Amino acid sequence: MSGLRIGVLGASRIAELAIVSPAAALGHRLVAVAARDRDRAETFARSYGVERVVDSYAELVADPEVDIVYNPLANAFHAQWNLAAIKAGKAVLTEKPFARNASEAEVVREAARTRGTVVMEGFHYLFHPITRRMFGLLEDGTLGTLQHVEVVMKMPEPKPDDARWKLQLAGGCVMDLGCYALHVNRQLARFAGGEPTILSASGTERSPGVDESCDIDLTFPNEASGCVITSMTADRHEMTLRLMGQKGEAFAHDYLLQYGDDRIEITTDAGTTVEHLGTRSTYTYQLQAFADHLQHGTPLPLDVDDAVTNMHYIDTAYTAAGMSPR
């Protein structure tokens, strides 16, 4: 296939950044969009050059001209429509989190395995040179043995009617932001003797069961520590990653790179150096990797097992904070 044919579920805010611009940059087609409100889908299609509007999510996932289903729906609908796309034999690029909870994620994993379908959770940060360089500083010994990880994920407050504030839509801060921070800690397991363990969590509830902030402490088998700080009521966006080793530390000013700060600072006994890793979107790198896998068999760093494990961590964090998993 020369260019992937992408179908978009919903007309969400994230879609322009996460799929529309990357597809345009890489030469892939947005062949169809469906939304609960057809007028919204029509507006989305006109705004972003989607070839046509279909009447329902079910029609989109069954569409023979769709190769990939992109799923940015509210969290509560991720698993349902990922399953529908899998059953239709489509590859799926789904927004995080993978499902409402680990049990639901396991059902999706089993379906993907049974059908042999490619399903990837959109942890786009992992594909960018910023993250690769940060992890590389542990791989090449620059920072020495990992001792501490700090991930800060803060954003301004969404509007009161936003899905992220609704328990029935599987909202909450750990679901929206903490999923990334927990994933980062897990990705560092190979530098710290194995997967981290959640020691404690403390959240502030916006409404019963829905967290507006949550801090999580973790420990690794080599006794390195992990710290997750998240908030959906901050004054500004703050998406930072700090790695501390016994020989130095590295700090990424915006490891998600949604706001264009591509600096990392590396501090060792030799002093501090600043590197710029480029402002090309993390989502563009992600779609490139996904396309390379589908078209050329290039391995992906994420699979359904990773997605299920991350949902277990999310569930554990909620339980540790005294809240119920979604």
# chains A, B, ... in the order shown; residues from 1 in each chain; ligands from 1
call {"tool": "closest_atom_pairs", "arguments": {"of": "segment 160-266 of chain A", "to": "segment 286-309 of chain A", "cutoff": "10 Å", "atoms": "only C-alpha atoms", "output": "JSON lines"}}
result
{"residue": "A:His183", "atom": "CA", "partner": "A:Asp306", "partner_atom": "CA", "distance": 9.0}
{"residue": "A:Arg186", "atom": "CA", "partner": "A:Thr309", "partner_atom": "CA", "distance": 9.3}
{"residue": "A:Gln187", "atom": "CA", "partner": "A:Asp306", "partner_atom": "CA", "distance": 9.8}
call {"tool": "residues_around", "arguments": {"residues": "Phe123 of chain A", "least_positions_apart": "3", "cutoff": "9 Å", "atoms": "only C-alpha atoms", "output": "number ranges by chain"}}
result
A: 95-96, 120, 126-127, 180, 183, 283, 286, 302
call {"tool": "closest_residue", "arguments": {"among": "A:Pro22, A:Ala111, A:Ala102, A:Arg5", "to": "Asp67 of chain A", "atoms": "only C-alpha atoms"}}
result
A:Arg5
call {"tool": "select_by_dssp", "arguments": {"residues": "segment 144-267 of chain A", "states": "alpha helix (DSSP H)", "output": "list of chain:residue names"}}
result
A:Cys173, A:Cys179, A:Tyr180, A:Ala181, A:Leu182, A:His183, A:Val184, A:Asn185, A:Arg186, A:Gln187
call {"tool": "select_by_dssp", "arguments": {"residues": "segment 26-113 of chain A", "states": "strand (DSSP E)", "output": "list in words"}}
result
Arg29, Leu30, Val31, Ala32, Val33, Ala34, Ile68, Val69, Tyr70, Asn71, Ala91, Val92, Leu93 and Thr94 of chain A
call {"tool": "write_last_selection", "arguments": {"atoms": "N, CA, C and O atoms", "output": "compact mmCIF listing (two decimals), in the first residue's frame"}}
result
# COMPACT_ATOMS: atom_id res chain seq x y z
N ARG A 29 -4.05 9.07 3.69
CA ARG A 29 -5.37 9.61 3.39
C ARG A 29 -6.32 9.47 4.57
O ARG A 29 -6.37 8.41 5.20
N LEU A 30 -7.08 10.52 4.83
CA LEU A 30 -8.19 10.43 5.76
C LEU A 30 -9.43 10.19 4.91
O LEU A 30 -9.98 11.10 4.30
N VAL A 31 -9.85 8.93 4.86
CA VAL A 31 -10.89 8.56 3.89
C VAL A 31 -12.30 8.69 4.45
O VAL A 31 -13.26 8.83 3.69
N ALA A 32 -12.45 8.65 5.79
CA ALA A 32 -13.81 8.68 6.34
C ALA A 32 -13.77 9.16 7.80
O ALA A 32 -12.80 8.95 8.51
N VAL A 33 -14.86 9.79 8.20
CA VAL A 33 -15.06 10.18 9.59
C VAL A 33 -16.51 9.93 9.96
O VAL A 33 -17.41 10.06 9.12
N ALA A 34 -16.74 9.53 11.19
CA ALA A 34 -18.09 9.36 11.73
C ALA A 34 -18.15 10.02 13.10
O ALA A 34 -17.18 9.98 13.85
N ILE A 68 -6.95 1.62 8.55
CA ILE A 68 -6.66 1.89 9.96
C ILE A 68 -7.83 2.64 10.57
O ILE A 68 -8.34 3.60 9.99
N VAL A 69 -8.24 2.21 11.75
CA VAL A 69 -9.21 2.96 12.53
C VAL A 69 -8.46 3.73 13.61
O VAL A 69 -7.72 3.14 14.41
N TYR A 70 -8.64 5.05 13.62
CA TYR A 70 -8.08 5.88 14.68
C TYR A 70 -9.21 6.18 15.67
O TYR A 70 -10.26 6.70 15.30
N ASN A 71 -8.97 5.85 16.94
CA ASN A 71 -10.01 5.93 17.97
C ASN A 71 -9.64 6.93 19.06
O ASN A 71 -8.90 6.60 20.00
N ALA A 91 -6.57 -2.58 11.41
CA ALA A 91 -5.54 -2.14 12.35
C ALA A 91 -6.10 -0.96 13.14
O ALA A 91 -6.92 -0.19 12.63
N VAL A 92 -5.67 -0.84 14.39
CA VAL A 92 -6.22 0.19 15.27
C VAL A 92 -5.10 0.99 15.92
O VAL A 92 -4.18 0.42 16.51
N LEU A 93 -5.21 2.31 15.81
CA LEU A 93 -4.39 3.23 16.58
C LEU A 93 -5.34 3.92 17.54
O LEU A 93 -6.21 4.69 17.13
N THR A 94 -5.21 3.60 18.82
CA THR A 94 -6.17 4.09 19.80
C THR A 94 -5.52 5.08 20.75
O THR A 94 -4.37 4.93 21.15
call {"tool": "residues_around", "arguments": {"residues": "segment 253-255 of chain A", "least_positions_apart": "6", "cutoff": "8 Å", "atoms": "only C-alpha atoms", "output": "PDB file with N, CA, C and O atoms, in the first residue's frame"}}
result
ATOM      1  N   TYR A 125       4.866   9.927  22.850  1.00  0.00           N
ATOM      2  CA  TYR A 125       6.124  10.469  23.365  1.00  0.00           C
ATOM      3  C   TYR A 125       7.292   9.524  23.105  1.00  0.00           C
ATOM      4  O   TYR A 125       8.445   9.961  22.927  1.00  0.00           O
ATOM      5  N   ILE A 130      13.524  13.208  21.634  1.00  0.00           N
ATOM      6  CA  ILE A 130      13.721  13.634  23.022  1.00  0.00           C
ATOM      7  C   ILE A 130      13.748  12.424  23.949  1.00  0.00           C
ATOM      8  O   ILE A 130      14.677  12.251  24.750  1.00  0.00           O
ATOM      9  N   THR A 131      12.724  11.589  23.859  1.00  0.00           N
ATOM     10  CA  THR A 131      12.661  10.414  24.724  1.00  0.00           C
ATOM     11  C   THR A 131      13.787   9.444  24.410  1.00  0.00           C
ATOM     12  O   THR A 131      14.417   8.884  25.320  1.00  0.00           O
ATOM     13  N   GLU A 238       2.574  21.745  31.874  1.00  0.00           N
ATOM     14  CA  GLU A 238       3.912  21.366  32.331  1.00  0.00           C
ATOM     15  C   GLU A 238       4.045  19.859  32.132  1.00  0.00           C
ATOM     16  O   GLU A 238       3.346  19.085  32.774  1.00  0.00           O
ATOM     17  N   MET A 239       4.918  19.467  31.203  1.00  0.00           N
ATOM     18  CA  MET A 239       5.067  18.059  30.852  1.00  0.00           C
ATOM     19  C   MET A 239       6.557  17.721  30.848  1.00  0.00           C
ATOM     20  O   MET A 239       7.200  17.670  29.799  1.00  0.00           O
ATOM     21  N   THR A 240       7.115  17.541  32.031  1.00  0.00           N
ATOM     22  CA  THR A 240       8.560  17.395  32.159  1.00  0.00           C
ATOM     23  C   THR A 240       8.965  15.995  32.586  1.00  0.00           C
ATOM     24  O   THR A 240       8.197  15.267  33.228  1.00  0.00           O
ATOM     25  N   LEU A 241      10.202  15.647  32.244  1.00  0.00           N
ATOM     26  CA  LEU A 241      10.773  14.359  32.617  1.00  0.00           C
ATOM     27  C   LEU A 241      12.181  14.591  33.139  1.00  0.00           C
ATOM     28  O   LEU A 241      13.001  15.234  32.469  1.00  0.00           O
ATOM     29  N   ASP A 261       8.886  23.164  23.033  1.00  0.00           N
ATOM     30  CA  ASP A 261      10.148  23.299  23.758  1.00  0.00           C
ATOM     31  C   ASP A 261      10.904  21.980  23.651  1.00  0.00           C
ATOM     32  O   ASP A 261      10.565  21.005  24.307  1.00  0.00           O
ATOM     33  N   ASP A 262      11.915  21.961  22.809  1.00  0.00           N
ATOM     34  CA  ASP A 262      12.610  20.700  22.511  1.00  0.00           C
ATOM     35  C   ASP A 262      13.913  20.547  23.278  1.00  0.00           C
ATOM     36  O   ASP A 262      14.755  19.729  22.926  1.00  0.00           O
ATOM     37  N   ARG A 263      14.099  21.315  24.357  1.00  0.00           N
ATOM     38  CA  ARG A 263      15.361  21.265  25.100  1.00  0.00           C
ATOM     39  C   ARG A 263      15.439  20.084  26.059  1.00  0.00           C
ATOM     40  O   ARG A 263      14.466  19.742  26.725  1.00  0.00           O
ATOM     41  N   ILE A 264      16.619  19.497  26.124  1.00  0.00           N
ATOM     42  CA  ILE A 264      16.970  18.670  27.268  1.00  0.00           C
ATOM     43  C   ILE A 264      18.277  19.201  27.833  1.00  0.00           C
ATOM     44  O   ILE A 264      19.138  19.679  27.094  1.00  0.00           O
TER      45      ILE A 264
END
call {"tool": "residues_around", "arguments": {"residues": "Lys247 of chain A", "least_positions_apart": "4", "cutoff": "10 Å", "atoms": "only C-alpha atoms", "output": "list in words"}}
result
Gly141, Thr142, Leu143, Gly144, Thr145, Leu146, Gln147, Thr267, Thr268 and Asp269 of chain A
call {"tool": "residues_around", "arguments": {"residues": "Pro221 of chain A", "least_positions_apart": "2", "cutoff": "7 Å", "atoms": "only C-alpha atoms", "output": "PyMOL selection string"}}
result
chain A and resi 192-194+196+219+223
call {"tool": "write_last_selection", "arguments": {"atoms": "N, CA, C and O atoms", "output": "PDB file, in the first residue's frame"}}
result
ATOM      1  N   ALA A 192      16.567  -0.388  35.736  1.00  0.00           N
ATOM      2  CA  ALA A 192      16.423  -0.377  37.194  1.00  0.00           C
ATOM      3  C   ALA A 192      16.082  -1.743  37.752  1.00  0.00           C
ATOM      4  O   ALA A 192      15.485  -1.846  38.818  1.00  0.00           O
ATOM      5  N   GLY A 193      16.429  -2.792  37.028  1.00  0.00           N
ATOM      6  CA  GLY A 193      16.276  -4.138  37.553  1.00  0.00           C
ATOM      7  C   GLY A 193      14.918  -4.762  37.372  1.00  0.00           C
ATOM      8  O   GLY A 193      14.683  -5.878  37.847  1.00  0.00           O
ATOM      9  N   GLY A 194      13.996  -4.069  36.699  1.00  0.00           N
ATOM     10  CA  GLY A 194      12.675  -4.631  36.479  1.00  0.00           C
ATOM     11  C   GLY A 194      11.576  -3.607  36.675  1.00  0.00           C
ATOM     12  O   GLY A 194      11.828  -2.428  36.959  1.00  0.00           O
ATOM     13  N   PRO A 196       8.576  -1.272  37.983  1.00  0.00           N
ATOM     14  CA  PRO A 196       8.386  -0.595  39.269  1.00  0.00           C
ATOM     15  C   PRO A 196       7.157  -1.109  40.010  1.00  0.00           C
ATOM     16  O   PRO A 196       6.263  -1.722  39.411  1.00  0.00           O
ATOM     17  N   THR A 219       8.697   2.441  43.401  1.00  0.00           N
ATOM     18  CA  THR A 219      10.054   1.969  43.665  1.00  0.00           C
ATOM     19  C   THR A 219      10.399   0.873  42.661  1.00  0.00           C
ATOM     20  O   THR A 219       9.520   0.130  42.211  1.00  0.00           O
ATOM     21  N   GLU A 223      16.103  -0.306  43.827  1.00  0.00           N
ATOM     22  CA  GLU A 223      15.853   0.703  44.858  1.00  0.00           C
ATOM     23  C   GLU A 223      15.816   2.123  44.312  1.00  0.00           C
ATOM     24  O   GLU A 223      15.760   3.086  45.086  1.00  0.00           O
TER      25      GLU A 223
END
call {"tool": "closest_residue", "arguments": {"among": "A:Ala234, A:Ala105, A:Leu188, A:Ala25", "to": "Pro156 of chain A", "atoms": "only C-alpha atoms"}}
result
A:Ala234
call {"tool": "residues_around", "arguments": {"residues": "Met232 of chain A", "least_positions_apart": "3", "cutoff": "10 Å", "atoms": "only C-alpha atoms", "output": "compact mmCIF listing (two decimals) with N, CA, C and O atoms, in the first residue's frame"}}
result
# COMPACT_ATOMS: atom_id res chain seq x y z
N MET A 153 3.09 16.05 35.03
CA MET A 153 2.08 16.17 33.98
C MET A 153 0.97 17.10 34.50
O MET A 153 0.11 16.68 35.27
N LYS A 154 1.01 18.36 34.06
CA LYS A 154 0.02 19.33 34.51
C LYS A 154 -0.58 20.06 33.32
O LYS A 154 0.10 20.28 32.32
N MET A 155 -1.84 20.44 33.46
CA MET A 155 -2.52 21.15 32.38
C MET A 155 -3.57 22.09 32.98
O MET A 155 -4.03 21.89 34.11
N PRO A 156 -3.97 23.13 32.24
CA PRO A 156 -5.07 23.98 32.70
C PRO A 156 -6.38 23.22 32.77
O PRO A 156 -6.56 22.18 32.12
N GLU A 157 -7.30 23.75 33.50
CA GLU A 157 -8.56 23.06 33.80
C GLU A 157 -9.46 22.97 32.57
O GLU A 157 -9.78 23.97 31.94
N PRO A 158 -9.89 21.75 32.21
CA PRO A 158 -10.89 21.62 31.14
C PRO A 158 -12.22 22.25 31.56
O PRO A 158 -12.49 22.47 32.74
N ARG A 164 -13.57 14.45 30.51
CA ARG A 164 -12.54 14.05 31.48
C ARG A 164 -12.99 14.26 32.92
O ARG A 164 -12.34 13.76 33.85
N TRP A 165 -14.09 14.98 33.13
CA TRP A 165 -14.62 15.17 34.48
C TRP A 165 -15.76 14.20 34.79
O TRP A 165 -16.37 14.29 35.86
N GLY A 172 -10.92 11.36 34.63
CA GLY A 172 -10.02 11.46 35.77
C GLY A 172 -8.61 11.77 35.34
O GLY A 172 -8.19 11.51 34.21
N CYS A 173 -7.84 12.30 36.27
CA CYS A 173 -6.49 12.77 35.99
C CYS A 173 -5.52 11.62 35.71
O CYS A 173 -4.69 11.71 34.81
N VAL A 174 -5.62 10.54 36.45
CA VAL A 174 -4.73 9.40 36.20
C VAL A 174 -5.03 8.80 34.83
O VAL A 174 -4.12 8.41 34.09
N ASP A 176 -6.14 10.40 32.21
CA ASP A 176 -5.77 11.31 31.13
C ASP A 176 -4.28 11.63 31.11
O ASP A 176 -3.67 11.68 30.04
N LEU A 177 -3.69 11.88 32.27
CA LEU A 177 -2.29 12.29 32.36
C LEU A 177 -1.41 11.23 33.03
O LEU A 177 -0.31 10.95 32.57
N ARG A 206 -12.38 15.78 42.16
CA ARG A 206 -13.22 16.87 41.64
C ARG A 206 -14.69 16.61 41.99
O ARG A 206 -15.44 17.52 42.35
N ASP A 211 -10.71 12.09 39.90
CA ASP A 211 -9.55 12.82 40.42
C ASP A 211 -9.20 13.99 39.52
O ASP A 211 -9.16 13.88 38.31
N GLU A 212 -8.92 15.14 40.16
CA GLU A 212 -8.41 16.30 39.43
C GLU A 212 -6.89 16.41 39.56
O GLU A 212 -6.24 17.09 38.75
N SER A 213 -6.34 15.71 40.53
CA SER A 213 -4.88 15.62 40.66
C SER A 213 -4.55 14.31 41.35
O SER A 213 -5.39 13.74 42.06
N CYS A 214 -3.34 13.83 41.11
CA CYS A 214 -2.92 12.61 41.78
C CYS A 214 -1.40 12.50 41.73
O CYS A 214 -0.80 12.70 40.67
N ASP A 235 -2.09 26.14 36.36
CA ASP A 235 -2.12 27.43 35.67
C ASP A 235 -1.64 27.31 34.22
O ASP A 235 -2.00 28.13 33.38
N ARG A 236 -0.82 26.31 33.95
CA ARG A 236 -0.24 26.18 32.62
C ARG A 236 0.11 24.72 32.36
O ARG A 236 0.08 23.90 33.28
N HIS A 237 0.44 24.44 31.11
CA HIS A 237 0.91 23.10 30.78
C HIS A 237 2.34 22.90 31.29
O HIS A 237 3.19 23.78 31.17
call {"tool": "closest_residue", "arguments": {"among": "A:Gly7, A:Pro97, A:Gly27, A:Gly209", "to": "Ser56 of chain A", "atoms": "only C-alpha atoms"}}
result
A:Gly7
call {"tool": "atom_distance", "arguments": {"atom1": "atom CA of Glu42 of chain A", "atom2": "atom CA of Ala62 of chain A"}}
result
19.4 Å
call {"tool": "decode", "arguments": {"residues": "segment 77-109 of chain A", "atoms": "N, CA, C and O atoms", "output": "compact mmCIF listing (two decimals), in the first residue's frame"}}
result
# COMPACT_ATOMS: atom_id res chain seq x y z
N PHE A 77 -15.36 4.55 25.70
CA PHE A 77 -15.68 3.91 24.42
C PHE A 77 -14.45 3.37 23.70
O PHE A 77 -14.58 2.87 22.58
N HIS A 78 -13.30 3.46 24.31
CA HIS A 78 -12.10 2.96 23.65
C HIS A 78 -12.20 1.45 23.40
O HIS A 78 -12.03 0.98 22.27
N ALA A 79 -12.45 0.70 24.43
CA ALA A 79 -12.47 -0.76 24.29
C ALA A 79 -13.58 -1.22 23.35
O ALA A 79 -13.37 -2.08 22.48
N GLN A 80 -14.76 -0.66 23.50
CA GLN A 80 -15.91 -1.07 22.69
C GLN A 80 -15.62 -0.94 21.20
O GLN A 80 -15.85 -1.88 20.42
N TRP A 81 -15.08 0.19 20.80
CA TRP A 81 -14.88 0.41 19.37
C TRP A 81 -13.55 -0.14 18.88
O TRP A 81 -13.41 -0.46 17.68
N ASN A 82 -12.61 -0.32 19.78
CA ASN A 82 -11.41 -1.08 19.39
C ASN A 82 -11.79 -2.52 19.07
O ASN A 82 -11.32 -3.11 18.10
N LEU A 83 -12.66 -3.10 19.90
CA LEU A 83 -13.13 -4.46 19.65
C LEU A 83 -13.88 -4.55 18.32
O LEU A 83 -13.68 -5.50 17.54
N ALA A 84 -14.72 -3.58 18.05
CA ALA A 84 -15.47 -3.60 16.79
C ALA A 84 -14.53 -3.52 15.59
O ALA A 84 -14.73 -4.22 14.59
N ALA A 85 -13.50 -2.68 15.71
CA ALA A 85 -12.55 -2.55 14.61
C ALA A 85 -11.74 -3.83 14.43
O ALA A 85 -11.47 -4.27 13.30
N ILE A 86 -11.35 -4.44 15.54
CA ILE A 86 -10.61 -5.71 15.48
C ILE A 86 -11.45 -6.76 14.78
O ILE A 86 -10.96 -7.48 13.89
N LYS A 87 -12.72 -6.86 15.14
CA LYS A 87 -13.60 -7.87 14.54
C LYS A 87 -13.80 -7.62 13.05
O LYS A 87 -14.05 -8.54 12.28
N ALA A 88 -13.65 -6.34 12.64
CA ALA A 88 -13.75 -6.00 11.23
C ALA A 88 -12.42 -6.18 10.49
O ALA A 88 -12.34 -5.92 9.29
N GLY A 89 -11.40 -6.62 11.23
CA GLY A 89 -10.10 -6.87 10.61
C GLY A 89 -9.27 -5.64 10.36
O GLY A 89 -8.33 -5.68 9.54
N LYS A 90 -9.55 -4.55 11.08
CA LYS A 90 -8.80 -3.32 10.87
C LYS A 90 -7.65 -3.20 11.86
O LYS A 90 -7.76 -3.62 13.02
N ALA A 91 -6.57 -2.58 11.41
CA ALA A 91 -5.54 -2.14 12.35
C ALA A 91 -6.10 -0.96 13.14
O ALA A 91 -6.92 -0.19 12.63
N VAL A 92 -5.67 -0.84 14.39
CA VAL A 92 -6.22 0.19 15.27
C VAL A 92 -5.10 0.99 15.92
O VAL A 92 -4.18 0.42 16.51
N LEU A 93 -5.21 2.31 15.81
CA LEU A 93 -4.39 3.23 16.58
C LEU A 93 -5.34 3.92 17.54
O LEU A 93 -6.21 4.69 17.13
N THR A 94 -5.21 3.60 18.82
CA THR A 94 -6.17 4.09 19.80
C THR A 94 -5.52 5.08 20.75
O THR A 94 -4.37 4.93 21.15
N GLU A 95 -6.28 6.12 21.08
CA GLU A 95 -5.79 7.02 22.11
C GLU A 95 -5.74 6.28 23.45
O GLU A 95 -6.46 5.32 23.69
N LYS A 96 -4.84 6.78 24.31
CA LYS A 96 -4.76 6.26 25.66
C LYS A 96 -5.88 6.85 26.48
O LYS A 96 -6.43 7.89 26.10
N PRO A 97 -6.27 6.21 27.58
CA PRO A 97 -5.88 4.86 27.99
C PRO A 97 -6.58 3.80 27.14
O PRO A 97 -7.58 4.07 26.49
N PHE A 98 -6.03 2.61 27.16
CA PHE A 98 -6.45 1.54 26.26
C PHE A 98 -7.90 1.11 26.49
O PHE A 98 -8.58 0.68 25.57
N ALA A 99 -8.36 1.25 27.72
CA ALA A 99 -9.70 0.80 28.09
C ALA A 99 -10.09 1.50 29.39
O ALA A 99 -9.38 2.38 29.87
N ARG A 100 -11.24 1.11 29.96
CA ARG A 100 -11.63 1.70 31.24
C ARG A 100 -10.85 1.10 32.40
O ARG A 100 -10.59 1.77 33.40
N ASN A 101 -10.48 -0.16 32.27
CA ASN A 101 -9.78 -0.85 33.35
C ASN A 101 -9.05 -2.05 32.76
O ASN A 101 -9.18 -2.35 31.57
N ALA A 102 -8.30 -2.72 33.60
CA ALA A 102 -7.46 -3.83 33.12
C ALA A 102 -8.29 -5.00 32.62
O ALA A 102 -7.92 -5.64 31.62
N SER A 103 -9.39 -5.30 33.27
CA SER A 103 -10.22 -6.42 32.83
C SER A 103 -10.74 -6.19 31.42
O SER A 103 -10.73 -7.09 30.57
N GLU A 104 -11.18 -4.97 31.14
CA GLU A 104 -11.66 -4.63 29.81
C GLU A 104 -10.51 -4.69 28.80
O GLU A 104 -10.68 -5.15 27.66
N ALA A 105 -9.34 -4.22 29.21
CA ALA A 105 -8.17 -4.26 28.33
C ALA A 105 -7.80 -5.69 27.95
O ALA A 105 -7.39 -5.96 26.81
N GLU A 106 -7.95 -6.61 28.89
CA GLU A 106 -7.62 -8.00 28.61
C GLU A 106 -8.55 -8.61 27.56
O GLU A 106 -8.12 -9.43 26.73
N VAL A 107 -9.80 -8.19 27.55
CA VAL A 107 -10.74 -8.67 26.53
C VAL A 107 -10.29 -8.19 25.14
O VAL A 107 -10.33 -8.95 24.17
N VAL A 108 -9.87 -6.93 25.06
CA VAL A 108 -9.40 -6.39 23.79
C VAL A 108 -8.13 -7.12 23.34
O VAL A 108 -7.98 -7.46 22.17
N ARG A 109 -7.24 -7.36 24.27
CA ARG A 109 -6.01 -8.08 23.93
C ARG A 109 -6.32 -9.47 23.36
O ARG A 109 -5.74 -9.86 22.35
